[in-house]
Structures are given as structure tokens and as C-alpha cells.
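Asks: Dropping a structure here in C-alpha cells format, bear with me for questions.
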Protein chains: 2
Amino acid sequence: MSDSLGKVAKLPTIRRLPVYLHLLRGLQGGGTERVSSTYIAEQLKLDAVQVRKDLSSTGIVGKPRVGFEVTGLIDAIESFLGWNNTTEAILIGVGNLGSALLGYAGFMRHNLSVVAAFDADPQKAGTEIAGKPVFPMEKLANLVHRLHIRICILTVPAQQAQGVVNLLLAAGITAIWNFTPVALHVPAGVIVQNEDLAGGLAVLSRRVRDAETAHPPRADESAEGGDDAHH
Amino acid sequence: MSDSLGKVAKLPTIRRLPVYLHLLRGLQGGGTERVSSTYIAEQLKLDAVQVRKDLSSTGIVGKPRVGFEVTGLIDAIESFLGWNNTTEAILIGVGNLGSALLGYAGFMRHNLSVVAAFDADPQKAGTEIAGKPVFPMEKLANLVHRLHIRICILTVPAQQAQGVVNLLLAAGITAIWNFTPVALHVPAGVIVQNEDLAGGLAVLSRRVRDAETAHPPRADESAEGGDDAHH
DNA sequence: TTATAATAAGTAAAAAATTATCGATATACA
DNA sequence: TGTATATCGATAATTTTTTACTTATTATAA
């Protein structure tokens with residue numbers, strides 16, 4: 001029921017925290033010092049009670065009639081997520097998606113630093129992408145060991161996913177951010193976070209399909225009804 | 001309670017459907033004709049009852065002692081998601097992530113076809129990325145209108161997100177797959193599917209942090225305890 | 001100093017999602 | 001032909017998540 005820092009927060013809450021963080025950083029940049037749950041809820045189209053509950057799970061407390069300190073909130077969320085100190089990670093599979101993630105500035109803002117990339121294609125070894133060196137797979141074990149890397153971003157083709165994971169496990173990786181559609185097989189204690197884009201596309205597709213069957217598309221355009229939900 | 005095709009399925013179920021689909025396609029490729037919920041659950045580390053419930057929401061029925069027809073299941077899931085006929089979409093913002101998504105073969109497998117990309121940078125206009133033409137923003141309205149495009153993949157920088165969305169709405173777009181961390185403001189009836197990667201990273205970070213506080217990391221490696229959950 | 005209004009926080013209720021239980025059915029095998 | 005067993009489907013129980021409601025606190029202004 002209690003946690004080392006803040007209370008227990010469940011998955012949907014944790015997923016919303018970065019959204020709050022983004023809004024709060026914007027407010028901070030604009031010089032705002034305090035913010036109410038009501039305001040946040042309005043901006044994010046959420047329920048004010050839910051906002052308060054989410055925020056309270058990070059351990060922060062607000063003042064009645066005043067709201068929350070923007071800076072304090074940001075700190076609380078960041079420390080709750082472990083985003084206040086940099087974590088190093090590697091990335092495997094420098095294809096389309098892998099290359100994009102290497103260049104994705106968002107990571108640094110969230111204090112995940114990709115220190116090296118790997119690819120099975122010998123052509124890619126020795127090159128740099130977005131300033132990150134790409135190594136051949138043979139160097140994986142050594143480098144992971146030497147730098148004490150724990151986290152790996154996995155962006156290899158589906159066919160190779162499990163094979164690569166076996167190498168990762170042998171090298172000592174304990175957390176995998178899995179962008180492949182494969183259900184990875186790992187021993188207990190190894191964290192796998194699945195981030196298959198197909199899931200989001202499925203939800204979008206279904207909602208589009210529902211909207212269309214509700215009011216079939218005609219030659220002219222239309223834009224009413226339906227609903228805008230969060231994932 | 002009932003739907004035009006299949007029963008109502010809630011978000012978590014819909015998110016799992018592509019995972020089933022991936023497994024089923026693999027089985028189909030291997031020549032397997034029938035599969036049981038028990039087997040699927042085992043492979044995907046899910047509960048067999050949940051698998052049956054998920055599948056039943058697509059309208060398919062299985063046979064006791066036999067299981068489900070692999071091909072029938074694939075068809076059912078695809079048609080439930082609207083993935084049996086191609087939908088055309090555009091993409092806006094040809095940065096790192098946008099370029100990657102343009103080249104992401106996964107889309108075609110899911111019958112979402114990106115027919116054109118747009119970018120505010122005039123340098124990029126006229127080029128091609130992954131075989132897709134990149135146009136300047138001025139051509140947006142005309143092209144969307146002419147091709148009756150409804151769906152847009154949004155991969156622009158956060159600062160420009162809402163501005164671009166306003167253009168999209170004016171052009172007649174009714175569904176946005178939003179890869180920015182911005183809470184978009186759209187009128188009722190327009191579908192926004194948020195796909196911020198920060199949410200997944202937050203869950204991963206928190207799980208790593210939890211695992212570390214549970215058994216603090218020492219100089220040597222370790223890999224026990226914890227749990228491997230789906231998002 | 002007191003009244004008022006905005007807001008947080010705690011408690012309770014409702015809804016959604018997951019997991020468990022049980023009966024029915026179809027195949028395999030004696 | 002009859003029996004055993006794997007599997008589905010439906011119902012129920014549990015847990016999680018969201019929403020609603022009530023109480024308490026604090027700044028503001030009369």
C-alpha cells in the first residue's frame with residue numbers, strides 16, 4: 001500500500017503523468033507559479049478529481065484555494081518516474097524506427113540516454129546515427145558489461161526479436177522496451193515493456209470504423225458526433 | 001450491447017487484438033489450421049479466459065475440444081478492426097519519427113496506406129521519403145479534399161501541433177493519430193488517438209525504479225524478482 | 001474579524017476489466 | 001457404443017479504475 005517514494009500508482013495513472021509534465025513545463029516556461037487541478041483538467045480534458053488523485057500518488061500535496069506549486073509538481077513527477085537522474089540505455093536494430101528513436105530528442109528530456117546502438121548488418125557498424133555510434137552485435141556483451149547498461153530499446157525485425165533478446169539476457173540486460181510485435185520470452189525479474197504501435201493503430205482503426213458505421217460517409221464531408229478519448 | 005459486427009470491445013481488448021493477429025499469422029504461415037485459447041494464452045502469457053473473451057468480441061465462435069480456425073480468426077480480427085480494406089492517410093511532419101513511420105512496413109500489413117507527407121520546411125518539399133512524396137503545407141487542403149483523406153498521422157514538433165491541427169480540421173480531416181505530447185483541441189466528432197511514447201517510457205521507468213528499490217543494484221549483475229507485465 | 005468562495009483531500013459509489021467457476025459439447029479412444 | 005477429456009461459452013466474483021460526494025482548509029474581501 002505504501003511505496004518508498006509516494007503512494008502506489010497504477011498503470012493508467014503512470015501513463016498520464018508525462019502528459020501532466022508536458023503541460024506543467026509549458027506553464028513553468030511561461031512563468032506560472034501555481035496551478036489548480038481544475039485548470040489542468042480543463043486543459044487536458046480530464047476530470048479534476050482524477051487529476052488530483054494522479055498527482056497525489058506522486059506524494060505531492062496542494063493547498064486549498066491555491067492549488068499546486070508548478071515547480072514542486074514537476075519535481076515530484078520526475079522523481080516519481082525516476083526521471084531526475086539520467087539512465088543509460090542501448091538500442092538494437094537501426095532500421096527505420098530505430099534510427100528515428102536514436103534521433104528522438106524526447107529521450108534526453110526524459111533523462112534516458114542512449115549511449116550506443118547495435119545492428120546485425122555489418123554495413124551499418126562503424127557509422128553514426130544522430131551522433132550515436134553503431135556497433136556490430138559482437139561488441140554487445142562487452143559494452144553492456146563495461147558500462148553497466150540495464151535497459152535496451154529493441155527495434156529489430158520481428159523474426160530476429162527473440163534471438164536478440166537471448167543475447168541481451170546473456171549480456172545482463174534487465175529491462176527491454178520492446179517495439180516489436182513479438183511476445184518476448186524472458187525469465188522472471190526481467191522487465192519487458194511492450195510498445196507495439198499496432199495497438200494504438202487498432203484503437204484508432206476501430207474508432208474510425210465505429211464512427212463510419214454510425215453515420216456512413218457520403219460524398220461531402222462531415223464532422224460531428226463521436227468522441228475523443230485518451231488511450 | 002450489440003454492434004454492427006461483433007460485440008462491443010473495450011480498449012484493452014482492442015489493444016490486444018494485434019498481438020493475437022501477429023501470433024496467428026505466424027501459425028498460418030507454418031501451416032497450422034486450428035488453435036486453442038489455451039495455446040494462445042500460453043504463448044502470449046495471458047489468461048486463457050481472457051483470450052476467449054477477447055476473441056469472442058470479434059464475433060468468432062470456437063468449437064469445444066477443437067479450438068478456433070486460424071484463418072477464420074485472422075479474418076474476424078481484421079474485419080473487426082477494419083483492416084481488411086485499405087484506408088488512405090497522410091502524414092505531417094517529416095522529422096525523425098515522421099520519416100521512420102513513412103518507411104514503417106507495418107502500416108501496409110495493417111492496411112493503412114500513407115499516400116502523401118507534408119512538411120513546413122520548404123527544403124523537404126519535392127523530395128521523397130520511403131517512396132512517399134513530401135509536399136509543402138500549402139498543398140494540404142487541396143490534396144486532402146481531392147483524395148477524400150480522413151486520417152492524418154501527426155508527427156510535428158509540439159509547438160506547432162495545435163496550429164497544424166487547425167489546418168487539418170479546415171481541410172476535412174476527421175481522425176488524427178497524434179504522436180506529439182500535446183493535448184489537442186478538436187471539435188466533437190473528430191477522433192484523436194494519442195500515441196505519445198513518453199507514456200510507455202514512464203511505465204518502463206517506474207518499473208525499473210521499483211525493481212531497483214526492491215533489491216538495490218550492486219556492482220555485480222542480478223536478474224531475479226519483479227514481474228513482466230503487458231502495457 | 002468574520003463571511004465567502006475556491007480548492008484540496010478523503011471517503012464512497014459506480015463502472016470497467018480481469019480472473020475464477022461451472023456446465024455443455026465435440027472429439028478420441030476403449 | 002459409451003466414456004473420458006480437452007475446450008468453449010456463460011455466469012459470477014474479484015480487482016482495478018473512474019467518477020461522485022462530502023468535509024476541511026485557506027486566501028480574499030467586506
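Chain lettering (A, B, ...) mirrors the order of the C-alpha cells, residue numbering begins at 1 for each chain separately, and ligand numbering begins at 1 in order of display.
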Run DSSP on the backbone and give me the residues of stretch 93-175 of chain B it puts in strand (DSSP E), as a VMD selection string.
Replies: chain B and resid 112 to 119 128 to 129 132 to 136 151 to 154 175
Asks: Pull C-alpha atoms from the residues just selected and write them as a CSV table (one decimal), in the first residue's frame.
Replies:
chain,number,residue,atom,x,y,z
B,112,LEU,CA,-3.2,1.8,-43.7
B,113,SER,CA,-1.6,3.4,-46.7
B,114,VAL,CA,0.2,6.7,-46.4
B,115,VAL,CA,-0.3,8.4,-49.7
B,116,ALA,CA,1.5,11.7,-49.1
B,117,ALA,CA,3.5,13.5,-46.5
B,118,PHE,CA,3.8,17.2,-45.7
B,119,ASP,CA,6.3,19.4,-44.0
B,128,GLU,CA,10.6,11.6,-51.5
B,129,ILE,CA,10.9,9.5,-48.3
B,132,LYS,CA,6.3,8.8,-50.5
B,133,PRO,CA,6.2,12.3,-51.9
B,134,VAL,CA,6.6,15.2,-49.5
B,135,PHE,CA,4.6,18.3,-50.2
B,136,PRO,CA,4.6,21.8,-48.8
B,151,ILE,CA,-6.9,10.2,-41.4
B,152,CYS,CA,-3.7,12.0,-40.5
B,153,ILE,CA,-0.6,10.9,-38.7
B,154,LEU,CA,0.8,13.9,-36.8
B,175,ALA,CA,-9.2,11.3,-37.4
Asks: Do you have, as a tab-separated table, the list of residues of chain C lying at most 8 Å from chain B, each with its nearest atom pair and that distance in Å to one decimal, counting only C-alpha atoms (C1' of nucleotides) and ordered by chain then number?
Replies:
residue	atom	partner	partner_atom	distance
C:DT18	C1'	B:Gln50	CA	7.6
C:DT19	C1'	B:Val49	CA	7.9
C:DT25	C1'	B:Pro64	CA	5.9
C:DA26	C1'	B:Pro64	CA	5.8
C:DT27	C1'	B:Arg65	CA	6.4
Asks: If the cut-off is 9 Å, can you tell me the residues of chain D near chain A, counting only C-alpha atoms (C1' of nucleotides)? I'd like them as a ChimeraX atom specification.
Replies: /D:16-19,25-27
Asks: Selection from above, all heavy atoms, as a CSV table (one decimal), in the first residue's frame, can you write it?
Replies:
chain,number,residue,atom,x,y,z
D,16,DT,P,-5.8,-5.1,-7.7
D,16,DT,OP1,-4.4,-5.5,-8.0
D,16,DT,OP2,-6.2,-4.6,-6.4
D,16,DT,O5',-6.3,-4.1,-8.8
D,16,DT,C5',-6.3,-4.5,-10.2
D,16,DT,C4',-7.0,-3.4,-11.0
D,16,DT,O4',-8.4,-3.4,-10.6
D,16,DT,C3',-6.5,-2.0,-10.8
D,16,DT,O3',-6.2,-1.5,-12.1
D,16,DT,C2',-7.7,-1.3,-10.2
D,16,DT,C1',-8.8,-2.1,-10.7
D,16,DT,N1,-10.1,-2.0,-9.9
D,16,DT,C2,-11.3,-1.6,-10.5
D,16,DT,O2,-11.3,-1.2,-11.7
D,16,DT,N3,-12.4,-1.7,-9.7
D,16,DT,C4,-12.5,-2.1,-8.4
D,16,DT,O4,-13.5,-2.1,-7.8
D,16,DT,C5,-11.2,-2.5,-7.8
D,16,DT,C7,-11.2,-3.0,-6.4
D,16,DT,C6,-10.1,-2.5,-8.6
D,17,DT,P,-5.4,-0.2,-12.3
D,17,DT,OP1,-4.6,-0.3,-13.5
D,17,DT,OP2,-4.8,0.2,-11.1
D,17,DT,O5',-6.6,0.8,-12.7
D,17,DT,C5',-7.4,0.6,-13.8
D,17,DT,C4',-8.5,1.6,-13.8
D,17,DT,O4',-9.5,1.2,-12.8
D,17,DT,C3',-8.2,3.0,-13.6
D,17,DT,O3',-8.5,3.7,-14.8
D,17,DT,C2',-9.0,3.4,-12.4
D,17,DT,C1',-10.1,2.4,-12.4
D,17,DT,N1,-10.7,2.1,-11.0
D,17,DT,C2,-12.1,2.2,-10.9
D,17,DT,O2,-12.8,2.5,-11.8
D,17,DT,N3,-12.6,1.8,-9.7
D,17,DT,C4,-11.8,1.4,-8.6
D,17,DT,O4,-12.4,1.2,-7.5
D,17,DT,C5,-10.4,1.4,-8.8
D,17,DT,C7,-9.5,0.9,-7.7
D,17,DT,C6,-9.9,1.7,-10.0
D,18,DT,P,-8.3,5.3,-14.9
D,18,DT,OP1,-8.1,5.6,-16.3
D,18,DT,OP2,-7.4,5.8,-13.8
D,18,DT,O5',-9.8,5.8,-14.6
D,18,DT,C5',-10.9,5.3,-15.4
D,18,DT,C4',-12.2,5.7,-14.8
D,18,DT,O4',-12.3,5.2,-13.5
D,18,DT,C3',-12.4,7.2,-14.7
D,18,DT,O3',-13.5,7.6,-15.5
D,18,DT,C2',-12.6,7.5,-13.2
D,18,DT,C1',-13.1,6.1,-12.7
D,18,DT,N1,-12.8,5.8,-11.3
D,18,DT,C2,-13.8,5.6,-10.4
D,18,DT,O2,-15.0,5.7,-10.8
D,18,DT,N3,-13.4,5.3,-9.2
D,18,DT,C4,-12.2,5.1,-8.7
D,18,DT,O4,-12.0,4.8,-7.5
D,18,DT,C5,-11.1,5.4,-9.6
D,18,DT,C7,-9.7,5.3,-9.2
D,18,DT,C6,-11.5,5.7,-10.9
D,19,DT,P,-13.9,9.1,-15.7
D,19,DT,OP1,-14.6,9.2,-17.0
D,19,DT,OP2,-12.7,9.9,-15.4
D,19,DT,O5',-15.0,9.4,-14.6
D,19,DT,C5',-16.1,8.6,-14.6
D,19,DT,C4',-16.9,8.8,-13.3
D,19,DT,O4',-16.2,8.4,-12.1
D,19,DT,C3',-17.2,10.3,-13.0
D,19,DT,O3',-18.6,10.4,-12.9
D,19,DT,C2',-16.6,10.6,-11.6
D,19,DT,C1',-16.5,9.2,-11.0
D,19,DT,N1,-15.4,8.9,-10.0
D,19,DT,C2,-15.8,8.5,-8.8
D,19,DT,O2,-17.0,8.3,-8.5
D,19,DT,N3,-14.8,8.3,-7.9
D,19,DT,C4,-13.4,8.5,-8.1
D,19,DT,O4,-12.6,8.2,-7.3
D,19,DT,C5,-13.1,8.9,-9.5
D,19,DT,C7,-11.7,9.2,-9.8
D,19,DT,C6,-14.1,9.2,-10.3
D,25,DT,P,-9.0,21.2,8.7
D,25,DT,OP1,-8.0,20.4,9.3
D,25,DT,OP2,-10.0,22.0,9.5
D,25,DT,O5',-8.3,22.2,7.7
D,25,DT,C5',-7.6,21.7,6.6
D,25,DT,C4',-7.4,22.8,5.6
D,25,DT,O4',-8.6,23.0,4.9
D,25,DT,C3',-6.9,24.1,6.2
D,25,DT,O3',-5.7,24.5,5.5
D,25,DT,C2',-8.0,25.1,5.9
D,25,DT,C1',-8.6,24.4,4.6
D,25,DT,N1,-10.1,24.8,4.3
D,25,DT,C2,-10.4,25.3,3.1
D,25,DT,O2,-9.5,25.5,2.2
D,25,DT,N3,-11.7,25.5,2.9
D,25,DT,C4,-12.7,25.3,3.8
D,25,DT,O4,-13.9,25.6,3.5
D,25,DT,C5,-12.3,24.8,5.1
D,25,DT,C7,-13.4,24.5,6.1
D,25,DT,C6,-11.0,24.5,5.3
D,26,DT,P,-4.6,25.4,6.1
D,26,DT,OP1,-3.3,24.8,6.0
D,26,DT,OP2,-5.1,25.8,7.5
D,26,DT,O5',-4.7,26.7,5.1
D,26,DT,C5',-4.6,26.4,3.7
D,26,DT,C4',-5.2,27.6,3.0
D,26,DT,O4',-6.6,27.5,3.0
D,26,DT,C3',-4.8,29.0,3.6
D,26,DT,O3',-4.4,29.8,2.5
D,26,DT,C2',-6.1,29.5,4.2
D,26,DT,C1',-7.1,28.8,3.2
D,26,DT,N1,-8.5,28.8,3.6
D,26,DT,C2,-9.5,29.1,2.7
D,26,DT,O2,-9.3,29.4,1.5
D,26,DT,N3,-10.8,29.0,3.2
D,26,DT,C4,-11.2,28.6,4.4
D,26,DT,O4,-12.4,28.5,4.7
D,26,DT,C5,-10.1,28.3,5.3
D,26,DT,C7,-10.4,27.9,6.7
D,26,DT,C6,-8.8,28.4,4.9
D,27,DA,P,-3.2,30.8,2.7
D,27,DA,OP1,-2.0,30.3,2.1
D,27,DA,OP2,-3.2,31.3,4.1
D,27,DA,O5',-3.7,32.1,1.8
D,27,DA,C5',-3.7,31.9,0.4
D,27,DA,C4',-4.9,32.5,-0.2
D,27,DA,O4',-6.1,32.1,0.6
D,27,DA,C3',-4.9,34.1,-0.1
D,27,DA,O3',-5.2,34.6,-1.4
D,27,DA,C2',-6.0,34.4,0.9
D,27,DA,C1',-7.0,33.2,0.8
D,27,DA,N9,-7.8,32.9,1.9
D,27,DA,C8,-7.3,32.5,3.2
D,27,DA,N7,-8.3,32.3,4.0
D,27,DA,C5,-9.4,32.5,3.3
D,27,DA,C6,-10.8,32.5,3.7
D,27,DA,N6,-11.2,32.1,4.9
D,27,DA,N1,-11.7,32.8,2.7
D,27,DA,C2,-11.3,33.1,1.5
D,27,DA,N3,-10.0,33.2,1.1
D,27,DA,C4,-9.1,32.9,2.0
Asks: Stretch 78-174 of chain B: which residues are helix (DSSP H, G or I) by DSSP, as an MDAnalysis selection string?
Replies: chainID B and resid 78:81 96:103 106:109 137:147 158:171
Asks: Measuring atom to atom with only C-alpha atoms, identify which of B:Ala158, B:Ala120, B:Ala202, B:Val35 is nearest to B:Glu69.
Replies: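 Nearest to B:Glu69: B:Val35.
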Asks: For B:Asp75, please output as number ranges by chain all residues within 12 Å (counting only C-alpha atoms (C1' of nucleotides); exclusion window: fewer than 2 positions along the same chain).
Replies: B: 17, 20-21, 24-25, 28, 55, 58-60, 68-73, 77-85
Asks: Pick from B:Ile40, B:Ile191, B:Ala125, B:Leu140: nearest to chain A, with only C-alpha atoms counted?
Replies: B:Ile191
Asks: I'd like to know which of B:Val51, B:Leu97, B:Leu169, B:Ile74 is closest to chain A, using only C-alpha atoms.
Replies: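 Checking each candidate against chain A, we get B:Leu97 as the closest.
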Asks: At a cut-off of 8 Å, using only C-alpha atoms (C1' of nucleotides), what residues contact A:Ser99? Leave out same-chain residues fewer than 2 positions from it and give the result as a list of chain:residue names.
Replies: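 My list of contacting residues is A:Val94, A:Gly95, A:Asn96, A:Leu97, A:Leu101, A:Leu102, A:Gly103, A:Ile129, A:Ala130, B:Asn96, B:Ala100.
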Asks: Write out, as a CSV table (one decimal), in the first residue's frame, the residues just selected, with all heavy atoms.
Replies:
chain,number,residue,atom,x,y,z
A,94,VAL,N,19.0,-0.8,-36.0
A,94,VAL,CA,19.0,0.5,-36.6
A,94,VAL,C,18.3,0.6,-37.9
A,94,VAL,O,18.8,1.0,-38.9
A,94,VAL,CB,20.4,1.1,-36.7
A,94,VAL,CG1,20.4,2.5,-37.0
A,94,VAL,CG2,21.2,0.8,-35.4
A,95,GLY,N,17.0,0.2,-37.9
A,95,GLY,CA,16.2,0.3,-39.1
A,95,GLY,C,15.5,1.7,-39.1
A,95,GLY,O,16.0,2.6,-38.5
A,96,ASN,N,14.3,1.7,-39.7
A,96,ASN,CA,13.6,3.0,-39.8
A,96,ASN,C,13.3,3.5,-38.4
A,96,ASN,O,13.6,4.6,-38.0
A,96,ASN,CB,12.3,2.8,-40.5
A,96,ASN,CG,12.5,2.9,-42.0
A,96,ASN,OD1,13.0,3.9,-42.5
A,96,ASN,ND2,12.2,1.8,-42.7
A,97,LEU,N,12.6,2.6,-37.6
A,97,LEU,CA,12.1,3.1,-36.3
A,97,LEU,C,13.3,3.3,-35.4
A,97,LEU,O,13.4,4.3,-34.7
A,97,LEU,CB,11.2,2.0,-35.7
A,97,LEU,CG,10.5,2.4,-34.5
A,97,LEU,CD1,9.7,3.7,-34.7
A,97,LEU,CD2,9.6,1.3,-34.0
A,101,LEU,N,14.3,6.7,-33.3
A,101,LEU,CA,14.3,6.8,-31.9
A,101,LEU,C,15.7,7.3,-31.4
A,101,LEU,O,15.8,8.1,-30.4
A,101,LEU,CB,14.0,5.4,-31.2
A,101,LEU,CG,12.6,5.0,-31.4
A,101,LEU,CD1,12.4,3.6,-30.7
A,101,LEU,CD2,11.6,6.0,-30.9
A,102,LEU,N,16.7,7.0,-32.2
A,102,LEU,CA,18.1,7.5,-31.8
A,102,LEU,C,18.1,9.0,-31.9
A,102,LEU,O,18.7,9.7,-31.1
A,102,LEU,CB,19.1,6.9,-32.8
A,102,LEU,CG,19.6,5.5,-32.5
A,102,LEU,CD1,20.6,5.1,-33.5
A,102,LEU,CD2,20.2,5.5,-31.1
A,103,GLY,N,17.4,9.5,-32.9
A,103,GLY,CA,17.4,11.0,-33.1
A,103,GLY,C,16.3,11.7,-32.3
A,103,GLY,O,16.1,12.9,-32.4
A,129,ILE,N,24.7,7.5,-36.1
A,129,ILE,CA,23.3,8.0,-36.4
A,129,ILE,C,22.9,8.9,-35.3
A,129,ILE,O,22.9,8.5,-34.1
A,129,ILE,CB,22.3,6.8,-36.6
A,129,ILE,CG1,22.7,6.0,-37.8
A,129,ILE,CG2,20.9,7.3,-36.7
A,129,ILE,CD1,21.8,4.9,-38.1
A,130,ALA,N,22.6,10.1,-35.7
A,130,ALA,CA,22.2,11.1,-34.7
A,130,ALA,C,23.3,11.2,-33.6
A,130,ALA,O,23.0,11.4,-32.4
A,130,ALA,CB,20.8,10.8,-34.1
B,96,ASN,N,12.4,13.1,-37.6
B,96,ASN,CA,12.9,11.7,-37.3
B,96,ASN,C,11.8,10.7,-37.3
B,96,ASN,O,11.8,9.7,-38.0
B,96,ASN,CB,13.6,11.7,-35.9
B,96,ASN,CG,15.0,12.2,-36.1
B,96,ASN,OD1,15.8,11.7,-36.8
B,96,ASN,ND2,15.4,13.2,-35.3
B,100,ALA,N,10.5,7.8,-40.1
B,100,ALA,CA,10.5,6.4,-39.7
B,100,ALA,C,9.1,5.8,-40.0
B,100,ALA,O,9.0,4.7,-40.6
B,100,ALA,CB,10.9,6.3,-38.3
Asks: Just the number, please: distance in Å from atom C1' of C:DA14 to atom CA of B:Ala188, one decimal.
Replies: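 If I compute the distance from atom C1' of C:DA14 to atom CA of B:Ala188, I get 25.5 Å.
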